[in-house]
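Working notes, structure below.
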2 protein chains.
Amino acid sequence: MAPVSTSDITSRLAGLSIQSEKKVVEHVAAKSPKEWRDALEGKAEGDLVLTKTLLFKPKTAKTAVPTPVLVIAKEDTETSAAAIGKLLNLKELRMASEDLMKDVMPGVETKDDLTPLLLPTPLAPTLHILIDETLISSPTPAAFRVASGTTSVFLTGQEIKTYLESLQDKQTNEAEGTLTNAQIRVVDFTAIKKDEVSEKPAGASASKEAKEAVAAKKKEGKKEDAYEMAVAYTKEGDFPGWYSDVLIKGDMLDYYDVSGCYILKPWSYSVWQAIQNWFDAEIKNLGVDDCYFPMFVSSARLEREKDHIEGFAPEVAWVTRAGSKDLDEPIAIRPTSETVMYPYYAKWIRSHRDLPLKLNQWNSVVRWEFKNPQPFLRTREFLWQEGHTAFLTEEEAGKEVRQILDLYRRVYEDLLAVPVIPGVKSEKEKFAGGYYTTTVEGYIPTTGRGIQGATSHCLGQNFSKMFDITVEDPRNPGQKTHVWQNSWGLSTRSIGVMVMIHGDDQGLVMPPRVAHVQVVVVPVGLTAKLSEEERKSIYDHCEKVAADLKAVGIRTKADLREGYTPGWKFNDWELRGVPVRLEVGPRDIAAGEVKAIRRHDNHKSQLSMSDLTKAMPKFLDEIHDAMFAKAKKSFDEHLYKIDKWEQVVPALDSKNVLILPWCEAEECEDDIKDRSAKQSTEGQVVDEKAPSAGAKSLCIPFDQDRFGKLEPGTKCIGCGNEAKRWTMFGRSY
Amino acid sequence: MAPVSTSDITSRLAGLSIQSEKKVVEHVAAKSPKEWRDALEGKAEGDLVLTKTLLFKPKTAKTAVPTPVLVIAKEDTETSAAAIGKLLNLKELRMASEDLMKDVMPGVETKDDLTPLLLPTPLAPTLHILIDETLISSPTPAAFRVASGTTSVFLTGQEIKTYLESLQDKQTNEAEGTLTNAQIRVVDFTAIKKDEVSEKPAGASASKEAKEAVAAKKKEGKKEDAYEMAVAYTKEGDFPGWYSDVLIKGDMLDYYDVSGCYILKPWSYSVWQAIQNWFDAEIKNLGVDDCYFPMFVSSARLEREKDHIEGFAPEVAWVTRAGSKDLDEPIAIRPTSETVMYPYYAKWIRSHRDLPLKLNQWNSVVRWEFKNPQPFLRTREFLWQEGHTAFLTEEEAGKEVRQILDLYRRVYEDLLAVPVIPGVKSEKEKFAGGYYTTTVEGYIPTTGRGIQGATSHCLGQNFSKMFDITVEDPRNPGQKTHVWQNSWGLSTRSIGVMVMIHGDDQGLVMPPRVAHVQVVVVPVGLTAKLSEEERKSIYDHCEKVAADLKAVGIRTKADLREGYTPGWKFNDWELRGVPVRLEVGPRDIAAGEVKAIRRHDNHKSQLSMSDLTKAMPKFLDEIHDAMFAKAKKSFDEHLYKIDKWEQVVPALDSKNVLILPWCEAEECEDDIKDRSAKQSTEGQVVDEKAPSAGAKSLCIPFDQDRFGKLEPGTKCIGCGNEAKRWTMFGRSY
């Protein structure tokens with residue numbers, strides 16, 4: 001086929017009543033987008049919009065006819081091959097070879113020459129053409145290359161679409177119902193990119209492939225042959241990619257069209273509810289009452305205490321308008337509730353008889369961070385509880401700080417199977433405006449970073465002095481005394497920590513006590529030779545097993561979906577991390593048994609059907625314990641006690657958190673952070689994706705004894721002054 | 001004492017280095033503020049700010065020295081006598097008599113002549129002087145009258161304060177610790193007005209007075225002799241006053257410094273949690289999962305469906321700024337979540353196998369109403385649940401609509417003891433954009449108005465067509481079908497309805513199943529002649545009774561507060577509406593009994609201590625049933641079935657809701673509303689506070705039979721066309 005020439009193009013355009021004279025621009029040769037942009041500088045009528053033309057090819061059998069995909073998009077539109085493949089139901093889309101390019105577009109030599117204008121007529125019926133929706137919806141003509149890199153044509157998206165439609169074979173195209181021509185589709189690439197990651201497979205046939213893909217996982221980032229259903233990244237190879245993929249495919253969340261906000265789907269929200277139910281009952285036992293303060297704060301209130309608010313101010317979201325009316329005063333959305341609540345504490349606390357006052361709220365707060373958002377760990381709106389309590393004495397306040405901290409430890413350890421180390425924060429790391437901060441600190445083995453789990457602050461009398469919260473002191477009649485206050489919070493961040501610690505290359509691994517579904521029952525052995533009766537018996541057994549377990553309070557689901565193979569179902573539930581899969585087949589039924597597969601270690605066993613309801617709670621507890629033990633072992637093995645500076649950076653680089661003899665001076669902490677950061681990035685080649693930040697103090701563990709006696713006279717590892725306590729340092733989130 | 005003259009004033013001012021020349025203005029005689037404002041028009045340097053001077057006197061024994069209170073405030077500052085009395089701990093502040101005015105300010109004849117400038121020197125030591133904080137903080141000079149109504153002086157708040165301080169008797173004032181001079185205080189009247197209503201009594205001595213006050217309640221608005229602890233209004237006399245007073249004093253909520261927002265204190269939030277716990281378990285049984293969508297909506301999403309959003313647009317709060325940066329696009333706070341959620345439904349629902357999709361969220365939504373806010377009933381942020389479900393067929397959707405509606409009925413009837421009538425809304429009253437709306441309608445006897453309890457909407461396919469939520473129809477392979485959707489919501493409004501229906505002149509009356517405290521145990525008979533041992537025995541018994549009841553799941557509190565009389569405690573818990581008070585005294589202990597007093601009807605009985613834990617659940621159920629029966633009786637008696645137009649307005653005026661034979665045409669509904677509104681206000685004298693609006697349709701009850709057979713040919717009461725069904729009309733909230 002003869003290549004299309006520039007004059008062919010102009011005459012085609014003229015035939016479509018597209019005035020081409022003004023649109024064709026000659027310029028200096030330009031290969032790269034940058035050169036092209038420079039060459040066209042000043043030649044566009046309005047804003048200069050460049051386009052790109054890409055040719056993809058899916059994986060097909062060698063003998064099959066290729067079904068290439070031509071993508072026409074604005075230069076800056078992200079056109080994800082994975083998403084396009086998903087959209088068109090084509091596997092493993094790759095950039096086309098030059099040979100295929102020449103087939104599709106005669107006369108083209110390299111990918112830089114690709115342009116829709118050079119497509120021959122009639123268009124090949126096997127060709128998919130996708131046009132960027134943002135081109136179609138924009139009235140601004142965009143630049144398309146012609147050939148040779150010295151000619152461009154300015155056309156709107158609609159015009160290029162008309163142009164391409166004119167190349168189709170009209171006759172066959174009109175033959176009703178027969179797909180005999182290229183498919184031209186307008187595509188919102190942003191939308192399909194988002195869709196791609198959460199779409200479920202269309203059918204059930206993918207099971208084997210998915211299994212193979214998972215089995216074939218490699219110790220590198222993107223899994224080569226991963227089917228979309230499976231997690232596309234390995235945890236070790238590309239942790240951030242793995243993390244977001246596992247959340248989406250495990251059905252925990254979905255992206256949202258306001259940046260930094262995520263949809264918590266039932267699979268994650270139920271974890272939060274499990275935490276809520278447990279924690280709320282515990283704090284009610286301590287005499288804490290729940291309440292709800294408005295999400296709005298007047299600017300006067302918010303800004304009343306400058307020092308405290310300073311840290312939050314850059315992240316405060318402001319409502320300035322209601323309907324079409326500007327508000328007289330902007331109103332803030334709470335970033336935390338100290339300044340919201342304490343003016344009322346001043347009002348409500350009239351006498352020492354009103355103490356202790358212990359309130360908690362379950363709400364969401366907004367911190368409009370401009371850093372990269374990360375699901376659960378850094379989001380602009382997040383769910384949490386915030387407790388705010390007031391006492392007469394320091395002693396009472398201090399006691400509660402530790403009681404709450406221990407509840408946080410139990411949320412992590414007893415519910416989420418995540419080991420944490422309780423301790424106190426350094427002066428530098430404590431809550432701004434507080435007296436001291438206690439914390440439970442976790443550890444993410446994959447990155448070797450510490451992560452703050454939850455904090456319980458003693459605010460001392462700092463806020464009660466700000467807000468004038470006083471009572472007459474019963475110990476000193478006639479004397480006013482400022483109350484002692486605490487605040488404490490636990491957020492949905494805990495869910496992210498849980499996922500990071502337990503998840504694996506197959507997907508989520510849910511700790512049983514918070515799993516939305518603890519046990520899934522899947523019918524197996526459904527071969528074609530089974531009678532309808534036998535088949536029904538298997539289904540009935542599955543339903544009965546599920547019903548029996550539910551009756552004893554175990555969250556169980558019988559997966560009786562038609563049209564999916566058992567293997568597909570196995571994958572589906574593995575991806576979602578259901579702790580126990582029970583398989584019920586003809587042989588199991590005959591033996592009065594079920595086969596139980598544990599998600600976290602893939603261990604298989606036969607359980608007796610008759611005492612399943614008794615055995616299962618214990619079985620789940622064992623899973624919890626094993627998951628916790630595994631995570632604890634990993635944490636313990638990476639708690640690295642050292643006393644020489646030279647060991648610090650190598651230990652960090654080996655994904656350890658450090659136990660250091662430390663002087664507790666703030667300047668020393670700054671210095672440790674700076675020096676360790678500098679040394680990590682200077683003298684050595686560092687993996688691009690590895691955390692490069694310096695070490696900061698994570699906490700001073702309450703349990704000092706586990707690290708052995710700190711001999712008097714031991715020197716601080718940072719500054720050489722006398723060390724005070726063992727302190728945990730590390731890279732952190 | 002000789003009256004102060006204008007020249008005295010100017011010389012005093014000069015003595016204080018306050019330049020009076022420019023400040024003294026002569027004008028035409030002006031009595032009223034309006035005349036005064038006109039007289040000063042154009043004479044102020046900047047904005048014209050008028051002041052007022054008020055003189056109050058508390059109730060004191062005839063023989064006591066009066067302690068008058070002089071208030072100096074901006075003309076438009078609300079200066080509540082009750083709040084001032086509270087602030088100064090003075091009882092029953094009233095406007096001073098003219099005699100007292102002349103005593104305090106010689107030369108003054110009427111209240112219009114009052115001015116701080118005419119105070120004699122030295123100031124009387126018994127005089128309280130309160131200066132409006134907004135005067136003090138403003139740099140703008142405000143106008144003060146001098147005398148005779150033809151002279152004004154412009155002074156700032158600081159200047160008037162300096163002036164008044166100069167009038168004090170320096171010598172005695174400096175005698176340390178002795179209060180021998182007038183007290184000059186700067187007061188934030190807005191703040192004390194808010195404080196006033198929620199402050200607790202300072203001590204316990206008020207019990208008897210409070211009791212008397214309550215006992216002496218009259219069938220008029222403000223109770224004459226009400227002590228601050230008790231509800232200050234009667235329910236029948238001033239319902240709005242009663243409502244907000246009972247909420248504040250019953251400790252359900254507090255006002256907040258962002259208008260239209262309220263603090264839900266534990267006493268009300270716990271009711272919401274009780275509703276949540278029950279309802280959440282019920283919908284989970286129906287297969288509904290909880291989730292959480294972000295509170296923010298992009299403007300593109302929100303405005304995508306113009307028709308639906310039209311009703312909400314004027315009330316949408318917009319975030320336009322984060323920190324100090326303007327956002328590129330304003331972001332809305334959700335007023336409801338249809339347009340937030342349904343784009344994702346379109347994405348998640350790929351196949352009929354994904355149906356039904358049933359999600360619910362517990363969240364808060366924001367509707368920035370500019371009408372008068374009312375706690376629980378109309379607030380700018382409110383808590384609710386919103387369920388959003390999708391089904392393959394109309395039948396399934398319709399079934400769920402009614403299941404949910406019945407759960408709403410049970411929330412009202414079984415938890416809140418509030419009778420409701422389930423039915424369907426007229427076309428005019430249905431949810432905008434929906435297919436049909438079902439509702440449970442309540443009735444507030446005091447105002448005779450209907451009130452919508454909760455709504456369960458079938459959205460039909462309207463939203464699925466907007467958002468393109470389709471599946472391949474398994475009944476018609478190859479055909480796409482739009483899903484059928486429902487949405488349903490119940491909000492904290494329910495708490496307001498509960499309060500309005502059950503509360504009485506003594507305060508809240510809490511239905512036992514949602515009461516934060518169901519039983520309070522109060523020690524009685526603690527006379528002076530008791531030994532310490534006997535005293536301890538009573539306290540121990542109280543604690544044991546409470547512990548035993550708690551152990552069987554009854555929310556019980558032993559009120560062992562020291563320093564409060566039993567009577568004071570009785571009042572306190574009555575105000576908060578605790579369903580059962582148990583009194584434990586020496587005689588009760590001797591008899592092995594406790595005295596039980598039911599809050600709702602004040603019925604007293606002796607209960608055996610030994611089987612209290614068995615008897616109490618039944619006792620509480622009986623209370624629930626009795627409260628429900630009473631409210632039901634009231635509703636039933638005011639469900640007035642009529643068939644002649646002439647009966648409509650008189651029936652409404654007698655606080656009925658009407659059962660009318662109706663044609664169900666929208667024009668007819670408009671006409672009924674207009675005509676009934678017009679007739680209520682035209683021909684007769686109407687109580688100023690009575691609802692004057694016309695009747696609108698509340699619902700078409702599902703249970704038509706209870707109103708008897710609607711004979712074929714029965715005419716619509718509005719237009720005379722054929723009536724279709726009995727329909728409930730009424731004035732409403």
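Letters A, B, ... mark the chains of the structure tokens in the order given; residue numbers begin at 1 per chain; ligand numbers begin at 1, in order shown.
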
Check the DSSP output for the backbone and give back, as a VMD selection string, the residues of segment 597-674 of chain B in strand (DSSP E or B). chain B and resid 597 to 598 604 to 608 639 to 641 657 to 662

Name the residues in contact with Ser244 of chain B at a cut-off of 12 Å, using only C-alpha atoms, excluding same-chain residues fewer than 3 positions from it; report them as a VMD selection string. chain B and resid 194 197 to 198 231 to 235 238 to 241 247 to 255 262 373 to 377 496 499 to 500 503 507 to 508

As a count of residues only, please: the residues near segment 428-439 of chain A (cut-off 9 Å, only C-alpha atoms, same-chain neighbours under 2 positions excluded). 37

Any chance you could list, as number ranges by chain, the residues in segment 293-536 of chain B that come up alpha helix (DSSP H) when DSSP is run on the backbone? B: 299-302, 306-310, 338-348, 394-410, 462-467, 493-502, 532-536

Residues from the last selection, C-alpha atoms, saved as a PDB file, in the first residue's frame:
```pdb
ATOM      1  CA  SER B 299     -18.307  20.521  41.889  1.00  0.00           C
ATOM      2  CA  ALA B 300     -18.370  18.565  38.627  1.00  0.00           C
ATOM      3  CA  ARG B 301     -19.914  15.556  40.346  1.00  0.00           C
ATOM      4  CA  LEU B 302     -22.268  17.545  42.481  1.00  0.00           C
ATOM      5  CA  LYS B 306     -28.870  19.614  37.610  1.00  0.00           C
ATOM      6  CA  ASP B 307     -32.448  18.666  38.397  1.00  0.00           C
ATOM      7  CA  HIS B 308     -31.645  16.594  41.428  1.00  0.00           C
ATOM      8  CA  ILE B 309     -29.175  19.056  42.844  1.00  0.00           C
ATOM      9  CA  GLU B 310     -31.351  22.089  42.279  1.00  0.00           C
ATOM     10  CA  GLU B 338     -26.609  10.249  45.597  1.00  0.00           C
ATOM     11  CA  THR B 339     -24.216  12.063  43.270  1.00  0.00           C
ATOM     12  CA  VAL B 340     -21.273  11.055  45.446  1.00  0.00           C
ATOM     13  CA  MET B 341     -21.982   7.354  45.371  1.00  0.00           C
ATOM     14  CA  TYR B 342     -23.758   6.503  42.143  1.00  0.00           C
ATOM     15  CA  PRO B 343     -20.863   7.098  39.762  1.00  0.00           C
ATOM     16  CA  TYR B 344     -19.131   4.315  41.693  1.00  0.00           C
ATOM     17  CA  TYR B 345     -22.204   2.132  41.555  1.00  0.00           C
ATOM     18  CA  ALA B 346     -21.940   2.446  37.787  1.00  0.00           C
ATOM     19  CA  LYS B 347     -18.383   1.230  38.037  1.00  0.00           C
ATOM     20  CA  TRP B 348     -18.902  -1.521  40.595  1.00  0.00           C
ATOM     21  CA  GLU B 394     -38.734  -3.211  40.681  1.00  0.00           C
ATOM     22  CA  GLU B 395     -40.251  -5.923  42.817  1.00  0.00           C
ATOM     23  CA  GLU B 396     -37.093  -6.505  44.857  1.00  0.00           C
ATOM     24  CA  ALA B 397     -36.560  -2.775  45.287  1.00  0.00           C
ATOM     25  CA  GLY B 398     -40.159  -2.276  46.334  1.00  0.00           C
ATOM     26  CA  LYS B 399     -39.919  -5.046  48.890  1.00  0.00           C
ATOM     27  CA  GLU B 400     -36.879  -3.459  50.494  1.00  0.00           C
ATOM     28  CA  VAL B 401     -38.475  -0.021  50.585  1.00  0.00           C
ATOM     29  CA  ARG B 402     -41.167  -1.423  52.826  1.00  0.00           C
ATOM     30  CA  GLN B 403     -38.797  -3.534  54.937  1.00  0.00           C
ATOM     31  CA  ILE B 404     -36.727  -0.478  55.724  1.00  0.00           C
ATOM     32  CA  LEU B 405     -39.793   1.627  56.378  1.00  0.00           C
ATOM     33  CA  ASP B 406     -40.937  -0.933  58.889  1.00  0.00           C
ATOM     34  CA  LEU B 407     -37.557  -0.737  60.627  1.00  0.00           C
ATOM     35  CA  TYR B 408     -38.026   3.024  60.830  1.00  0.00           C
ATOM     36  CA  ARG B 409     -41.463   2.471  62.318  1.00  0.00           C
ATOM     37  CA  ARG B 410     -39.891   0.199  64.890  1.00  0.00           C
ATOM     38  CA  ASN B 462     -34.218   7.518  37.342  1.00  0.00           C
ATOM     39  CA  PHE B 463     -30.761   7.682  38.875  1.00  0.00           C
ATOM     40  CA  SER B 464     -29.493   4.554  37.144  1.00  0.00           C
ATOM     41  CA  LYS B 465     -30.372   6.257  33.869  1.00  0.00           C
ATOM     42  CA  MET B 466     -28.568   9.427  34.913  1.00  0.00           C
ATOM     43  CA  PHE B 467     -25.479   7.561  36.013  1.00  0.00           C
ATOM     44  CA  ARG B 493     -34.247  14.634  64.034  1.00  0.00           C
ATOM     45  CA  SER B 494     -35.804  11.558  65.649  1.00  0.00           C
ATOM     46  CA  ILE B 495     -34.348  12.656  68.983  1.00  0.00           C
ATOM     47  CA  GLY B 496     -36.107  16.011  68.704  1.00  0.00           C
ATOM     48  CA  VAL B 497     -39.421  14.307  68.004  1.00  0.00           C
ATOM     49  CA  MET B 498     -38.941  12.060  71.025  1.00  0.00           C
ATOM     50  CA  VAL B 499     -38.289  15.048  73.276  1.00  0.00           C
ATOM     51  CA  MET B 500     -41.246  17.018  71.952  1.00  0.00           C
ATOM     52  CA  ILE B 501     -43.647  14.162  72.485  1.00  0.00           C
ATOM     53  CA  HIS B 502     -42.636  12.858  75.895  1.00  0.00           C
ATOM     54  CA  GLU B 532     -21.964   6.856 110.454  1.00  0.00           C
ATOM     55  CA  GLU B 533     -22.511   3.130 110.205  1.00  0.00           C
ATOM     56  CA  GLU B 534     -26.178   3.480 109.286  1.00  0.00           C
ATOM     57  CA  ARG B 535     -25.252   6.111 106.767  1.00  0.00           C
ATOM     58  CA  LYS B 536     -22.661   3.861 105.208  1.00  0.00           C
TER      59      LYS B 536
END
```

Could you work out which residues of chain B fall inside 6 Å of chain A? Count only C-alpha atoms, and format the result as a list in words.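 The selection requested is Ile263, Leu264, Lys265, Pro266, Tyr269, Asp289, Asp290, Cys291, Tyr292, Phe293, Ala313, Pro314, Glu315, Val316, Ala317, Trp318, Val319, Arg321, Ala322 and Gly323 of chain B.
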
Write the residues you've just listed into a file as a short mmCIF file (atom, residue, chain, number, x, y, z; two decimals), in the first residue's frame, and include N, CA, C and O atoms for each of them.
```cif
data_model
loop_
_atom_site.label_atom_id
_atom_site.label_comp_id
_atom_site.auth_asym_id
_atom_site.auth_seq_id
_atom_site.Cartn_x
_atom_site.Cartn_y
_atom_site.Cartn_z
N ILE B 263 -23.85 21.12 69.94
CA ILE B 263 -23.05 20.04 70.52
C ILE B 263 -24.00 18.96 71.02
O ILE B 263 -24.87 19.25 71.84
N LEU B 264 -23.83 17.75 70.54
CA LEU B 264 -24.61 16.65 71.07
C LEU B 264 -23.86 16.08 72.27
O LEU B 264 -22.81 15.45 72.11
N LYS B 265 -24.39 16.33 73.44
CA LYS B 265 -23.75 15.83 74.65
C LYS B 265 -24.10 14.35 74.83
O LYS B 265 -24.99 13.82 74.14
N PRO B 266 -23.39 13.66 75.72
CA PRO B 266 -23.64 12.22 75.85
C PRO B 266 -25.11 11.86 76.05
O PRO B 266 -25.56 10.83 75.59
N TYR B 269 -26.37 11.94 72.50
CA TYR B 269 -25.61 11.10 71.57
C TYR B 269 -25.83 9.62 71.88
O TYR B 269 -25.85 8.78 70.98
N ASP B 289 -24.30 -3.68 53.93
CA ASP B 289 -22.97 -3.46 54.49
C ASP B 289 -22.73 -1.97 54.71
O ASP B 289 -23.16 -1.13 53.91
N ASP B 290 -22.00 -1.66 55.77
CA ASP B 290 -21.64 -0.26 56.02
C ASP B 290 -20.36 0.10 55.28
O ASP B 290 -19.47 -0.74 55.09
N CYS B 291 -20.27 1.34 54.91
CA CYS B 291 -19.08 1.83 54.22
C CYS B 291 -18.91 3.31 54.56
O CYS B 291 -19.69 3.86 55.33
N TYR B 292 -17.89 3.93 54.02
CA TYR B 292 -17.74 5.38 54.24
C TYR B 292 -17.22 6.06 52.98
O TYR B 292 -16.12 5.76 52.53
N PHE B 293 -18.02 6.96 52.46
CA PHE B 293 -17.60 7.79 51.33
C PHE B 293 -17.09 9.12 51.87
O PHE B 293 -17.56 9.59 52.90
N ALA B 313 -28.74 23.00 46.02
CA ALA B 313 -27.70 23.98 45.69
C ALA B 313 -27.63 25.19 46.62
O ALA B 313 -26.54 25.56 47.05
N PRO B 314 -28.76 25.79 46.97
CA PRO B 314 -28.65 26.99 47.81
C PRO B 314 -28.10 26.70 49.20
O PRO B 314 -27.73 27.62 49.92
N GLU B 315 -28.05 25.44 49.58
CA GLU B 315 -27.64 25.08 50.95
C GLU B 315 -26.28 24.40 50.99
O GLU B 315 -25.86 23.93 52.04
N VAL B 316 -25.60 24.33 49.87
CA VAL B 316 -24.34 23.60 49.85
C VAL B 316 -23.21 24.48 50.39
O VAL B 316 -23.05 25.62 50.00
N ALA B 317 -22.45 23.91 51.32
CA ALA B 317 -21.27 24.59 51.86
C ALA B 317 -20.07 24.26 50.97
O ALA B 317 -19.86 23.11 50.61
N TRP B 318 -19.30 25.30 50.64
CA TRP B 318 -18.18 25.13 49.71
C TRP B 318 -16.85 25.42 50.39
O TRP B 318 -16.67 26.46 50.99
N VAL B 319 -15.94 24.48 50.23
CA VAL B 319 -14.56 24.70 50.67
C VAL B 319 -13.82 25.31 49.48
O VAL B 319 -13.81 24.73 48.39
N ARG B 321 -10.68 27.05 50.14
CA ARG B 321 -9.33 27.40 50.55
C ARG B 321 -8.80 26.33 51.49
O ARG B 321 -9.54 25.77 52.29
N ALA B 322 -7.51 26.02 51.36
CA ALA B 322 -6.85 25.12 52.31
C ALA B 322 -5.59 25.82 52.79
O ALA B 322 -4.76 26.24 51.99
N GLY B 323 -5.46 25.95 54.10
CA GLY B 323 -4.37 26.77 54.61
C GLY B 323 -4.56 28.16 54.05
O GLY B 323 -5.64 28.75 54.15
#
```

Show which residues sit within 9 Å of Lys644 of chain B, as a PyMOL selection string. Count only C-alpha atoms, and ignore same-chain residues fewer than 5 positions away. chain B and resi 660+717-718

Please provide the set of residues having any atom within 12 Å of Ser634 of chain B, restricted to only C-alpha atoms, with same-chain residues fewer than 6 positions apart removed, written as a PyMOL selection string. chain B and resi 418-420+442-446+448+501-502+627-628+640+655-657

Output for the residues just chosen: N, CA and C atoms as a tab-separated table (two decimals), in the first residue's frame:
```
chain	number	residue	atom	x	y	z
B	418	VAL	N	-42.65	6.40	70.24
B	418	VAL	CA	-43.33	7.44	69.48
B	418	VAL	C	-44.18	6.78	68.38
B	419	PRO	N	-45.50	6.94	68.43
B	419	PRO	CA	-46.33	6.32	67.39
B	419	PRO	C	-46.18	7.05	66.06
B	420	VAL	N	-46.15	6.29	65.00
B	420	VAL	CA	-46.07	6.90	63.67
B	420	VAL	C	-47.04	6.18	62.73
B	442	GLY	N	-45.13	11.30	62.22
B	442	GLY	CA	-45.47	11.45	63.63
B	442	GLY	C	-46.36	12.66	63.85
B	443	TYR	N	-46.66	12.91	65.10
B	443	TYR	CA	-47.59	13.98	65.46
B	443	TYR	C	-47.14	14.61	66.77
B	444	ILE	N	-47.05	15.93	66.76
B	444	ILE	CA	-46.66	16.65	67.98
B	444	ILE	C	-47.93	17.25	68.58
B	445	PRO	N	-48.44	16.66	69.65
B	445	PRO	CA	-49.73	17.12	70.19
B	445	PRO	C	-49.74	18.59	70.58
B	446	THR	N	-48.64	19.08	71.11
B	446	THR	CA	-48.65	20.44	71.65
B	446	THR	C	-48.93	21.48	70.57
B	448	GLY	N	-50.07	20.40	67.45
B	448	GLY	CA	-51.03	19.83	66.50
B	448	GLY	C	-50.45	19.64	65.12
B	501	ILE	N	-42.46	14.95	72.15
B	501	ILE	CA	-43.65	14.16	72.49
B	501	ILE	C	-43.69	13.80	73.96
B	502	HIS	N	-42.59	13.38	74.53
B	502	HIS	CA	-42.64	12.86	75.90
B	502	HIS	C	-42.33	13.87	76.99
B	627	MET	N	-45.82	4.79	78.02
B	627	MET	CA	-45.47	6.03	77.32
B	627	MET	C	-45.98	5.98	75.88
B	628	PHE	N	-45.80	4.82	75.27
B	628	PHE	CA	-46.26	4.68	73.89
B	628	PHE	C	-47.78	4.80	73.82
B	640	TYR	N	-58.36	13.26	62.67
B	640	TYR	CA	-59.74	13.69	62.57
B	640	TYR	C	-60.22	13.45	61.15
B	655	LYS	N	-55.83	21.58	66.64
B	655	LYS	CA	-54.63	20.74	66.72
B	655	LYS	C	-54.84	19.31	66.24
B	656	ASN	N	-55.63	19.18	65.22
B	656	ASN	CA	-55.81	17.86	64.64
B	656	ASN	C	-54.98	17.71	63.37
B	657	VAL	N	-54.65	16.48	63.05
B	657	VAL	CA	-54.29	16.18	61.67
B	657	VAL	C	-55.50	15.50	61.05
```

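If you look at atom CA of Leu392 of chain A and atom CA of Lys480 of chain A, they are 11.0 Å away from each other.
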
Go ahead and compute the interatomic distance for atom CA of His482 of chain A and atom CA of Lys358 of chain A, in Å to one decimal.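 Those two atoms sit 16.1 Å apart.
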
So that I can see what lies close to segment 158-168 of chain A, please list as an MDAnalysis selection string the residues with an atom at most 10 Å from it, counting only C-alpha atoms and leaving out residues fewer than 2 positions away in the same chain. chainID A and resid 9 12:13 15:18 72 116:117 119:125 129:131 133 135:139 141:142 144 154:156 170:173 180:186

Record the distance separating atom CA of Val552 of chain B and atom CA of Thr613 of chain B, expressed in Å with one decimal.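 Computing the Euclidean distance for atom CA of Val552 of chain B and atom CA of Thr613 of chain B yields 6.8 Å.
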
Excluding segment 580-587 of chain A and its own-chain neighbours fewer than 2 positions away, which residues fall within 7 Å of it when counting only C-alpha atoms? Please give them as a list in words. Gln518, Val519, Val520, Val521, Val522, Pro523, Val524, Gly525, Ile538, Cys542, Val578, Ile589, Ala590, Ala591, Val594, Lys595, Ala596, Ile597, Arg598 and Arg599 of chain A

Residue subset to file, keeping C-alpha atoms, as a short mmCIF file (atom, residue, chain, number, x, y, z; two decimals), in the first residue's frame:
```cif
data_model
loop_
_atom_site.label_atom_id
_atom_site.label_comp_id
_atom_site.auth_asym_id
_atom_site.auth_seq_id
_atom_site.Cartn_x
_atom_site.Cartn_y
_atom_site.Cartn_z
CA GLN A 518 -13.76 -15.00 58.77
CA VAL A 519 -14.62 -18.21 57.00
CA VAL A 520 -15.65 -18.80 53.43
CA VAL A 521 -17.17 -22.10 52.38
CA VAL A 522 -16.61 -23.16 48.78
CA PRO A 523 -18.16 -26.17 47.10
CA VAL A 524 -15.60 -28.29 45.24
CA GLY A 525 -15.50 -31.49 43.26
CA ILE A 538 -22.78 -30.38 48.18
CA CYS A 542 -21.98 -25.69 52.27
CA VAL A 578 -10.30 -14.36 54.27
CA ILE A 589 -19.00 -35.15 52.83
CA ALA A 590 -18.54 -38.89 52.70
CA ALA A 591 -15.85 -38.64 55.38
CA VAL A 594 -14.31 -30.36 55.53
CA LYS A 595 -10.97 -29.28 54.20
CA ALA A 596 -9.67 -26.14 55.91
CA ILE A 597 -7.05 -23.91 54.26
CA ARG A 598 -5.48 -21.15 56.32
CA ARG A 599 -4.87 -18.00 54.34
#
```
